[in-house]
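This is structure-v6.cif (mmCIF, C-alpha atoms).
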```cif
data_model
loop_
_atom_site.group_PDB
_atom_site.id
_atom_site.type_symbol
_atom_site.label_atom_id
_atom_site.label_comp_id
_atom_site.auth_asym_id
_atom_site.auth_seq_id
_atom_site.Cartn_x
_atom_site.Cartn_y
_atom_site.Cartn_z
ATOM 1 C CA MET A 162 0.796 -40.459 0.568
ATOM 2 C CA MET A 163 4.155 -39.461 2.021
ATOM 3 C CA PRO A 164 6.897 -37.049 0.977
ATOM 4 C CA THR A 165 9.721 -38.791 -0.872
ATOM 5 C CA HIS A 166 12.540 -38.057 1.576
ATOM 6 C CA GLN A 167 12.805 -37.120 5.243
ATOM 7 C CA LEU A 168 15.802 -34.815 5.689
ATOM 8 C CA ALA A 169 18.039 -34.423 8.725
ATOM 9 C CA GLY A 170 18.628 -30.789 7.789
ATOM 10 C CA ILE A 171 18.963 -28.328 4.915
ATOM 11 C CA ARG A 172 22.571 -29.492 4.444
ATOM 12 C CA ASP A 173 21.132 -32.652 2.839
ATOM 13 C CA LEU A 174 20.012 -30.494 -0.110
ATOM 14 C CA ALA A 175 23.285 -28.642 -0.670
ATOM 15 C CA ASP A 176 24.652 -31.156 -3.200
ATOM 16 C CA ARG A 177 21.339 -31.607 -5.019
ATOM 17 C CA PHE A 178 20.412 -27.991 -5.778
ATOM 18 C CA ASP A 179 22.072 -24.743 -6.866
ATOM 19 C CA VAL A 180 19.168 -22.368 -6.270
ATOM 20 C CA PHE A 181 16.994 -22.120 -3.145
ATOM 21 C CA ILE A 182 13.663 -20.271 -3.220
ATOM 22 C CA LEU A 183 12.714 -19.691 0.415
ATOM 23 C CA ASP A 184 9.523 -18.543 2.088
ATOM 24 C CA GLN A 185 10.092 -16.143 4.991
ATOM 25 C CA PHE A 186 7.148 -16.258 7.453
ATOM 26 C CA GLY A 187 6.962 -19.754 8.923
ATOM 27 C CA VAL A 188 10.337 -20.828 7.498
ATOM 28 C CA LEU A 189 12.909 -18.186 8.481
ATOM 29 C CA HIS A 190 10.954 -16.501 11.288
ATOM 30 C CA ASP A 191 7.588 -16.420 13.048
ATOM 31 C CA GLY A 192 7.008 -12.700 12.635
ATOM 32 C CA ALA A 193 8.731 -11.872 15.929
ATOM 33 C CA ALA A 194 12.053 -13.754 15.900
ATOM 34 C CA PRO A 195 14.123 -16.091 13.696
ATOM 35 C CA TYR A 196 13.619 -19.815 14.124
ATOM 36 C CA PRO A 197 16.578 -21.561 15.778
ATOM 37 C CA GLY A 198 19.303 -22.159 13.180
ATOM 38 C CA ALA A 199 17.673 -20.086 10.420
ATOM 39 C CA VAL A 200 20.149 -17.180 10.515
ATOM 40 C CA GLU A 201 23.109 -19.565 10.389
ATOM 41 C CA THR A 202 21.577 -21.706 7.635
ATOM 42 C CA LEU A 203 21.147 -18.740 5.290
ATOM 43 C CA VAL A 204 24.814 -17.858 5.860
ATOM 44 C CA ARG A 205 25.901 -21.478 5.247
ATOM 45 C CA LEU A 206 23.993 -21.657 1.955
ATOM 46 C CA LYS A 207 25.755 -18.463 0.880
ATOM 47 C CA GLN A 208 29.138 -19.893 1.913
ATOM 48 C CA ALA A 209 28.359 -23.060 -0.072
ATOM 49 C CA GLY A 210 27.922 -20.933 -3.205
ATOM 50 C CA LYS A 211 24.160 -21.381 -3.434
ATOM 51 C CA ARG A 212 21.876 -18.719 -4.904
ATOM 52 C CA THR A 213 18.991 -17.830 -2.583
ATOM 53 C CA LEU A 214 15.826 -15.916 -3.391
ATOM 54 C CA LEU A 215 13.351 -15.130 -0.626
ATOM 55 C CA LEU A 216 9.840 -15.354 -2.084
ATOM 56 C CA SER A 217 7.127 -13.951 0.134
ATOM 57 C CA ASN A 218 3.375 -13.484 0.087
ATOM 58 C CA SER A 219 3.860 -10.112 1.743
ATOM 59 C CA GLY A 220 1.779 -7.253 0.405
ATOM 60 C CA LYS A 221 4.638 -4.903 1.291
ATOM 61 C CA ARG A 222 7.224 -4.195 -1.376
ATOM 62 C CA SER A 223 10.569 -6.012 -1.258
ATOM 63 C CA ALA A 224 12.702 -3.271 0.378
ATOM 64 C CA PRO A 225 10.659 -2.960 3.609
ATOM 65 C CA ASN A 226 10.617 -6.750 3.908
ATOM 66 C CA GLU A 227 14.396 -6.927 3.661
ATOM 67 C CA ALA A 228 14.762 -4.156 6.240
ATOM 68 C CA ARG A 229 12.551 -6.140 8.630
ATOM 69 C CA LEU A 230 14.743 -9.247 8.207
ATOM 70 C CA VAL A 231 17.840 -7.278 9.206
ATOM 71 C CA LYS A 232 15.960 -5.857 12.197
ATOM 72 C CA LEU A 233 15.035 -9.420 13.239
ATOM 73 C CA GLY A 234 18.724 -10.369 13.251
ATOM 74 C CA PHE A 235 19.381 -11.873 9.812
ATOM 75 C CA VAL A 236 22.787 -11.111 8.327
ATOM 76 C CA PRO A 237 22.650 -8.535 5.495
ATOM 77 C CA GLY A 238 23.875 -10.093 2.263
ATOM 78 C CA SER A 239 23.177 -13.682 3.399
ATOM 79 C CA TRP A 240 20.478 -13.889 0.711
ATOM 80 C CA ASP A 241 20.853 -12.850 -2.934
ATOM 81 C CA ASP A 242 17.388 -11.704 -3.983
ATOM 82 C CA PHE A 243 14.045 -10.853 -2.406
ATOM 83 C CA LEU A 244 10.709 -10.816 -4.201
ATOM 84 C CA SER A 245 7.373 -10.154 -2.528
ATOM 85 C CA SER A 246 3.902 -10.411 -4.002
ATOM 86 C CA GLY A 247 3.536 -6.732 -3.101
ATOM 87 C CA GLU A 248 6.520 -5.914 -5.333
ATOM 88 C CA VAL A 249 5.120 -7.954 -8.246
ATOM 89 C CA ALA A 250 1.742 -6.216 -7.831
ATOM 90 C CA TRP A 251 3.305 -2.744 -7.637
ATOM 91 C CA GLN A 252 5.296 -3.301 -10.837
ATOM 92 C CA SER A 253 2.215 -4.725 -12.572
ATOM 93 C CA LEU A 254 -0.024 -1.838 -11.462
ATOM 94 C CA ARG A 255 2.526 0.739 -12.591
ATOM 95 C CA LYS A 256 2.346 -0.722 -16.101
ATOM 96 C CA GLN A 257 -1.440 -1.179 -16.110
ATOM 97 C CA LEU A 258 -2.394 2.232 -14.771
ATOM 98 C CA GLY A 259 -0.070 4.195 -17.057
ATOM 99 C CA ASN A 260 -1.613 7.626 -17.365
ATOM 100 C CA GLU A 261 -4.893 6.563 -15.741
ATOM 101 C CA ALA A 262 -4.547 8.923 -12.789
ATOM 102 C CA GLY A 263 -7.127 9.502 -10.098
ATOM 103 C CA LEU A 264 -8.534 6.017 -9.521
ATOM 104 C CA ARG A 265 -9.832 5.907 -5.953
ATOM 105 C CA CYS A 266 -8.237 3.118 -3.945
ATOM 106 C CA LEU A 267 -9.231 1.574 -0.616
ATOM 107 C CA LEU A 268 -5.970 0.165 0.775
ATOM 108 C CA ILE A 269 -6.193 -2.615 3.368
ATOM 109 C CA ALA A 270 -2.766 -2.836 5.027
ATOM 110 C CA ARG A 271 -1.016 -3.189 8.400
ATOM 111 C CA ASP A 272 0.568 -0.614 10.676
ATOM 112 C CA GLY A 273 -0.174 2.264 8.332
ATOM 113 C CA ASP A 274 2.083 0.833 5.621
ATOM 114 C CA ARG A 275 1.653 2.663 2.306
ATOM 115 C CA SER A 276 4.514 1.078 0.318
ATOM 116 C CA ALA A 277 2.000 -0.869 -1.782
ATOM 117 C CA VAL A 278 0.744 2.336 -3.449
ATOM 118 C CA GLU A 279 3.574 4.868 -3.153
ATOM 119 C CA GLY A 280 4.472 6.195 -6.583
ATOM 120 C CA LEU A 281 1.268 4.923 -8.206
ATOM 121 C CA PRO A 282 -1.397 7.262 -9.674
ATOM 122 C CA LEU A 283 -4.008 6.302 -7.067
ATOM 123 C CA THR A 284 -6.053 8.463 -4.698
ATOM 124 C CA LEU A 285 -6.502 6.793 -1.318
ATOM 125 C CA VAL A 286 -9.983 6.727 0.218
ATOM 126 C CA GLU A 287 -11.220 5.472 3.581
ATOM 127 C CA THR A 288 -14.544 3.783 2.731
ATOM 128 C CA GLY A 289 -15.847 1.100 0.402
ATOM 129 C CA GLU A 290 -18.508 3.479 -0.930
ATOM 130 C CA GLU A 291 -15.791 5.655 -2.498
ATOM 131 C CA ALA A 292 -13.542 2.925 -3.896
ATOM 132 C CA ASP A 293 -12.945 2.153 -7.580
ATOM 133 C CA ILE A 294 -10.343 -0.458 -6.607
ATOM 134 C CA VAL A 295 -9.553 -2.349 -3.393
ATOM 135 C CA LEU A 296 -5.897 -3.172 -2.776
ATOM 136 C CA LEU A 297 -5.708 -5.895 -0.152
ATOM 137 C CA SER A 298 -2.071 -6.109 0.967
ATOM 138 C CA ALA A 299 -2.364 -7.291 4.583
ATOM 139 C CA SER A 300 -4.731 -8.304 7.366
ATOM 140 C CA GLU A 301 -5.103 -6.848 10.826
ATOM 141 C CA GLY A 302 -6.874 -9.977 12.003
ATOM 142 C CA ASP A 303 -5.129 -9.591 15.349
ATOM 143 C CA ARG A 304 -6.989 -6.277 15.834
ATOM 144 C CA PHE A 305 -10.298 -6.772 14.010
ATOM 145 C CA ASP A 306 -12.731 -9.609 13.377
ATOM 146 C CA LEU A 307 -13.912 -10.658 9.925
ATOM 147 C CA ASP A 308 -17.180 -8.743 10.342
ATOM 148 C CA HIS A 309 -15.192 -5.471 10.481
ATOM 149 C CA TYR A 310 -13.901 -6.196 6.987
ATOM 150 C CA ARG A 311 -17.338 -7.331 5.807
ATOM 151 C CA GLN A 312 -18.855 -3.971 6.734
ATOM 152 C CA LEU A 313 -15.940 -2.062 5.206
ATOM 153 C CA LEU A 314 -15.894 -3.979 1.925
ATOM 154 C CA GLN A 315 -19.550 -4.767 1.234
ATOM 155 C CA PRO A 316 -20.251 -1.344 -0.367
ATOM 156 C CA ALA A 317 -17.185 -1.692 -2.613
ATOM 157 C CA ALA A 318 -18.271 -5.155 -3.788
ATOM 158 C CA ALA A 319 -21.820 -3.871 -4.362
ATOM 159 C CA ARG A 320 -20.583 -1.083 -6.656
ATOM 160 C CA GLY A 321 -18.344 -3.464 -8.621
ATOM 161 C CA ALA A 322 -14.938 -2.278 -7.417
ATOM 162 C CA ARG A 323 -12.300 -4.852 -8.360
ATOM 163 C CA CYS A 324 -10.063 -6.209 -5.634
ATOM 164 C CA LEU A 325 -6.372 -6.964 -6.021
ATOM 165 C CA CYS A 326 -5.142 -9.322 -3.300
ATOM 166 C CA THR A 327 -1.364 -9.112 -3.003
ATOM 167 C CA ASN A 328 -1.088 -11.451 -0.016
ATOM 168 C CA PRO A 329 -2.937 -14.741 -0.683
ATOM 169 C CA ASP A 330 -2.097 -16.281 2.728
ATOM 170 C CA LYS A 331 -5.282 -17.394 4.498
ATOM 171 C CA ILE A 332 -3.519 -17.637 7.872
ATOM 172 C CA MET A 333 -0.901 -15.236 9.234
ATOM 173 C CA LEU A 334 1.448 -15.583 12.193
ATOM 174 C CA THR A 335 1.184 -12.774 14.755
ATOM 175 C CA SER A 336 2.559 -12.076 18.235
ATOM 176 C CA VAL A 337 -0.779 -13.298 19.653
ATOM 177 C CA GLY A 338 -0.844 -16.476 17.561
ATOM 178 C CA PRO A 339 -2.306 -17.431 14.157
ATOM 179 C CA ARG A 340 -5.042 -15.144 12.802
ATOM 180 C CA PHE A 341 -6.893 -14.886 9.472
ATOM 181 C CA GLY A 342 -4.752 -13.459 6.708
ATOM 182 C CA ALA A 343 -5.400 -11.186 3.747
ATOM 183 C CA GLY A 344 -6.274 -14.209 1.601
ATOM 184 C CA ARG A 345 -9.257 -14.935 3.850
ATOM 185 C CA ILE A 346 -10.421 -11.315 3.479
ATOM 186 C CA ALA A 347 -10.141 -11.726 -0.307
ATOM 187 C CA GLU A 348 -12.301 -14.857 -0.080
ATOM 188 C CA LEU A 349 -14.818 -12.785 1.877
ATOM 189 C CA TYR A 350 -14.796 -10.157 -0.889
ATOM 190 C CA ALA A 351 -15.591 -12.869 -3.437
ATOM 191 C CA GLU A 352 -18.369 -14.170 -1.173
ATOM 192 C CA LEU A 353 -19.811 -10.637 -1.210
ATOM 193 C CA GLY A 354 -19.933 -10.829 -5.022
ATOM 194 C CA GLY A 355 -16.747 -8.868 -5.740
ATOM 195 C CA GLU A 356 -14.132 -9.652 -8.382
ATOM 196 C CA VAL A 357 -10.730 -10.681 -6.979
ATOM 197 C CA THR A 358 -7.376 -10.847 -8.787
ATOM 198 C CA TRP A 359 -4.756 -12.824 -6.863
ATOM 199 C CA ILE A 360 -1.002 -12.102 -6.972
ATOM 200 C CA GLY A 361 1.423 -14.275 -5.012
ATOM 201 C CA LYS A 362 1.999 -17.944 -4.234
ATOM 202 C CA PRO A 363 0.669 -20.359 -5.502
ATOM 203 C CA PHE A 364 -0.215 -18.368 -8.643
ATOM 204 C CA PRO A 365 2.078 -18.531 -11.710
ATOM 205 C CA GLU A 366 2.908 -14.809 -12.101
ATOM 206 C CA ILE A 367 5.112 -14.586 -9.012
ATOM 207 C CA TYR A 368 7.061 -17.746 -9.945
ATOM 208 C CA ALA A 369 7.634 -16.430 -13.468
ATOM 209 C CA ALA A 370 8.942 -13.175 -11.992
ATOM 210 C CA ALA A 371 11.173 -15.091 -9.535
ATOM 211 C CA LEU A 372 12.703 -17.333 -12.196
ATOM 212 C CA ASP A 373 13.268 -14.315 -14.445
ATOM 213 C CA MET A 374 15.039 -12.533 -11.568
ATOM 214 C CA LEU A 375 17.212 -15.636 -11.122
ATOM 215 C CA GLY A 376 18.196 -15.646 -14.801
ATOM 216 C CA THR A 377 15.970 -18.628 -15.764
ATOM 217 C CA PRO A 378 18.017 -21.404 -14.090
ATOM 218 C CA GLU A 379 17.608 -25.082 -14.962
ATOM 219 C CA ARG A 380 14.470 -25.987 -13.038
ATOM 220 C CA LYS A 381 15.671 -29.355 -11.783
ATOM 221 C CA ARG A 382 18.436 -27.502 -9.898
ATOM 222 C CA VAL A 383 15.936 -25.242 -8.083
ATOM 223 C CA VAL A 384 14.162 -26.143 -4.827
ATOM 224 C CA CYS A 385 11.397 -24.269 -2.980
ATOM 225 C CA VAL A 386 11.230 -24.378 0.822
ATOM 226 C CA GLY A 387 7.980 -23.442 2.553
ATOM 227 C CA ASP A 388 5.560 -24.144 5.401
ATOM 228 C CA SER A 389 2.300 -23.955 3.437
ATOM 229 C CA ILE A 390 1.085 -26.862 1.329
ATOM 230 C CA GLU A 391 -1.494 -24.637 -0.373
ATOM 231 C CA HIS A 392 0.934 -21.856 -1.253
ATOM 232 C CA ASP A 393 4.571 -23.013 -1.200
ATOM 233 C CA ILE A 394 4.288 -26.689 -2.156
ATOM 234 C CA SER A 395 1.429 -26.375 -4.650
ATOM 235 C CA GLY A 396 2.925 -23.204 -6.150
ATOM 236 C CA GLY A 397 6.433 -24.605 -6.466
ATOM 237 C CA GLN A 398 5.221 -27.807 -8.086
ATOM 238 C CA GLY A 399 3.003 -25.840 -10.451
ATOM 239 C CA ALA A 400 6.129 -23.982 -11.587
ATOM 240 C CA GLY A 401 7.916 -27.281 -12.253
ATOM 241 C CA LEU A 402 10.214 -27.029 -9.215
ATOM 242 C CA ARG A 403 11.137 -29.439 -6.407
ATOM 243 C CA THR A 404 9.715 -28.644 -2.968
ATOM 244 C CA VAL A 405 10.557 -28.992 0.725
ATOM 245 C CA LEU A 406 7.971 -28.734 3.508
ATOM 246 C CA VAL A 407 9.159 -27.492 6.911
ATOM 247 C CA MET A 408 7.228 -28.384 10.052
ATOM 248 C CA THR A 409 7.229 -24.872 11.502
ATOM 249 C CA GLY A 410 4.844 -22.016 10.728
ATOM 250 C CA VAL A 411 1.238 -22.840 9.890
ATOM 251 C CA LEU A 412 1.787 -26.611 10.270
ATOM 252 C CA GLU A 413 3.597 -26.505 13.615
ATOM 253 C CA ALA A 414 0.713 -28.069 15.545
ATOM 254 C CA SER A 415 -0.520 -30.346 12.736
ATOM 255 C CA SER A 416 -0.688 -34.139 12.842
ATOM 256 C CA ALA A 417 0.511 -36.471 10.071
ATOM 257 C CA ALA A 418 -3.137 -37.216 9.244
ATOM 258 C CA GLU A 419 -3.959 -33.514 8.942
ATOM 259 C CA ARG A 420 -0.985 -32.973 6.631
ATOM 260 C CA GLU A 421 -1.981 -35.910 4.431
ATOM 261 C CA LYS A 422 -5.481 -34.456 4.165
ATOM 262 C CA LEU A 423 -3.965 -31.166 2.965
ATOM 263 C CA PHE A 424 -1.745 -33.021 0.464
ATOM 264 C CA ALA A 425 -4.879 -34.596 -1.023
ATOM 265 C CA GLU A 426 -6.934 -31.380 -0.874
ATOM 266 C CA HIS A 427 -4.353 -29.354 -2.805
ATOM 267 C CA GLY A 428 -3.033 -32.175 -4.984
ATOM 268 C CA ALA A 429 0.513 -31.430 -3.858
ATOM 269 C CA ILE A 430 2.973 -33.705 -2.054
ATOM 270 C CA PRO A 431 6.391 -32.242 -1.156
ATOM 271 C CA ASP A 432 9.507 -33.965 -2.449
ATOM 272 C CA PHE A 433 11.202 -33.551 0.928
ATOM 273 C CA LEU A 434 10.169 -33.054 4.537
ATOM 274 C CA VAL A 435 12.347 -31.384 7.184
ATOM 275 C CA ARG A 436 11.521 -30.473 10.760
ATOM 276 C CA THR A 437 12.879 -26.923 10.593
ATOM 277 C CA PHE A 438 15.044 -24.643 8.436
ATOM 278 C CA ALA A 439 18.300 -25.577 10.165
ATOM 279 C CA TRP A 440 21.567 -26.830 8.758
#
```
Show the structure stored in the file as structure tokens.
Amino acid sequence: MMPTHQLAGIRDLADRFDVFILDQFGVLHDGAAPYPGAVETLVRLKQAGKRTLLLSNSGKRSAPNEARLVKLGFVPGSWDDFLSSGEVAWQSLRKQLGNEAGLRCLLIARDGDRSAVEGLPLTLVETGEEADIVLLSASEGDRFDLDHYRQLLQPAAARGARCLCTNPDKIMLTSVGPRFGAGRIAELYAELGGEVTWIGKPFPEIYAAALDMLGTPERKRVVCVGDSIEHDISGGQGAGLRTVLVMTGVLEASSAAEREKLFAEHGAIPDFLVRTFAW
């Protein structure tokens, strides 16, 4: 099993597609700095008249994600749209909760970020014993081990609190290397007997929201670029879109045999393979 085409660079796709749906972590940057050529390639796609939407499994809402990209050195306006799983979840929760004020929420996030719940009728609590709902928007796997989260969440699972995971990534890139992501904590919650609702790639809701934001383009003219076979390639194909796998991010140290095993495991083979997101 091999991807259909090996590309020299993203420029090879410019004549084939009008719309580019791009992952951020692992494609554009590693969490600390842009990958070589990524800043320029976004600008070149814009100059070529392509529509770009950055689609991220970040539990933060879209605005703080875009601000981080500018801080990392990306050119403001070099992408057209940004949609995060945290944004999709926030909009969905706002509709669901309506006038149901006072639900007690245990928020699992990073760096004290509260954007996932700001403006929602939720009361934040600090322990699993108090929680009616667990909102899992990020992992601090670079600070804590999985047992920390087990102890925190076990009481919530035992009392039947539902968990909303707004960042399905099992692995995250940090300044100290790859660590377990929020998706792994959500798996732990399920192992503890809790109910988990997933929002983000590869699940359909985020792709439906992305295509709606793009004005429902012709799907054969849309391509998804990502570094995760489980999330970006499987999710894009499930939405009826073409896919490109980059060899940065979570697959940077992988062998061809390991990638083929993942293709088989997730039933998803990318249409194109490219070493990095460079022109």
- Task: Might you pull out every residue within 6 Å of range 361-363 of chain A, with all atoms listed in the file counted and same-chain residues fewer than 2 positions away left off, and present them as a PyMOL selection string?
- Result: chain A and resi 218+246+367+392+396
- Message: Just want the 12 Å neighbourhood of Asp241 in chain A, counted on all atoms listed in the file, with same-chain residues fewer than 3 positions away dropped. Output as a PyMOL selection string.
- Response: chain A and resi 180-183+203-204+206-208+210-216+227+236-238+244+371+374-375
- Task: Just say which residues the PyMOL selection byres ((chain A and resi 190-197) around 7) picks in this file, as a PyMOL selection string.
- Result: chain A and resi 185-189+198-200+233+334-336+410
- Query: With all atoms listed in the file as the basis for distance, which of A:Leu325, A:Ala175, A:Leu423, A:Leu296 is at the shortest distance from Arg205 in chain A?
  - Reply: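 Smallest separation from Arg205 in chain A among the options: A:Ala175.
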- Task: Grab the CA of Trp240 in chain A to CA of Gly401 in chain A distance for me, in Å with one decimal place.
- Result: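 Separation between CA of Trp240 in chain A and CA of Gly401 in chain A: 22.5 Å.
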- Residue neighbourhood Pro431 in chain A, 10 Å, only C-alpha atoms, exclusion window fewer than 3 positions, as a PyMOL selection string: chain A and resi 163-166+385-387+390+393-395+397-398+403-407+424+434
- Message: Could you list, as a PyMOL selection string, every residue matched by the PyMOL selection byres ((chain A and resi 272) around 10) in this structure?
- Response: chain A and resi 270-271+273-275+299-301
- Task: Go through A:Gly321, A:Pro339, A:Gly280, A:Pro378 and flag the residue nearest Leu353 in chain A, using all atoms listed in the file for the distances.
- Result: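 Among the listed residues, A:Gly321 lies closest to Leu353 in chain A.
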- Message: Would you pick out the contacts of range 303-312 of chain A at 10 Å or less, using only C-alpha atoms, so that residues sharing its chain but fewer than 5 positions from it are not included, and give the list as a list of chain:residue names?
- Response: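 With the cut-off at 10 Å, the set is A:Ile269, A:Thr288, A:Gly289, A:Ala317, A:Ala318, A:Met333, A:Leu334, A:Thr335, A:Ser336, A:Val337, A:Gly338, A:Pro339, A:Arg340, A:Phe341, A:Gly342, A:Arg345, A:Ile346, A:Ala347, A:Leu349, A:Tyr350, A:Glu352, A:Leu353.
Checking A:Gln167, A:Ser253, A:Ile294, A:Ser389 one by one against Arg320 in chain A, counting only C-alpha atoms, you find the shortest gap at A:Ile294.
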- Å distance separating CA of Val295 in chain A from CA of Ala369 in chain A, one decimal place: 24.4 Å
Within 6 Å of Arg382 in chain A using all atoms listed in the file, minus same-chain residues under 3 positions, as a compact mmCIF listing (two decimals) with C-alpha atoms, keeping the file's coordinate frame:
```txt
# COMPACT_ATOMS: atom_id res chain seq x y z
CA PHE A 178 20.41 -27.99 -5.78
CA ASP A 179 22.07 -24.74 -6.87
CA GLU A 379 17.61 -25.08 -14.96
```
- Message: I'd like the interatomic distance between CA of Ala277 in chain A and CA of Ile360 in chain A, to a tenth of an Å.
- Response: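 Result for CA of Ala277 in chain A versus CA of Ile360 in chain A: 12.7 Å, one decimal.
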- Considering only C-alpha atoms, state which residue in the set A:Asn226, A:Ala322, A:Trp440, A:Val357 is at the smallest distance from Glu201 in chain A.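 Residue with the minimum atom-to-atom distance to Glu201 in chain A: A:Trp440.
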- Query: the PyMOL selection byres ((chain A and resi 255) around 12) on the file shown: which residues, as a PyMOL selection string?
  - Reply: chain A and resi 248-254+256-262+277-283
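The closest residue to Leu267 in chain A, picked from A:Met408, A:Cys324, A:Ala319, A:Leu230 and counting all atoms listed in the file, is A:Cys324.
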- Item | Top pick for closest residue to Asp388 in chain A, considering A:His427, A:Lys422, A:Arg177, A:Arg436 and counting all atoms listed in the file | A:Arg436
Emit as lines of an AutoDock Vina configuration file the padded axis-aligned box for all listed atoms of range 384-401 of chain A, 3 Å per side, with centre and edge lengths in Å to one decimal.
```
center_x = 6.3
center_y = -24.8
center_z = -3.4
size_x = 21.7
size_y = 12.0
size_z = 23.7
```
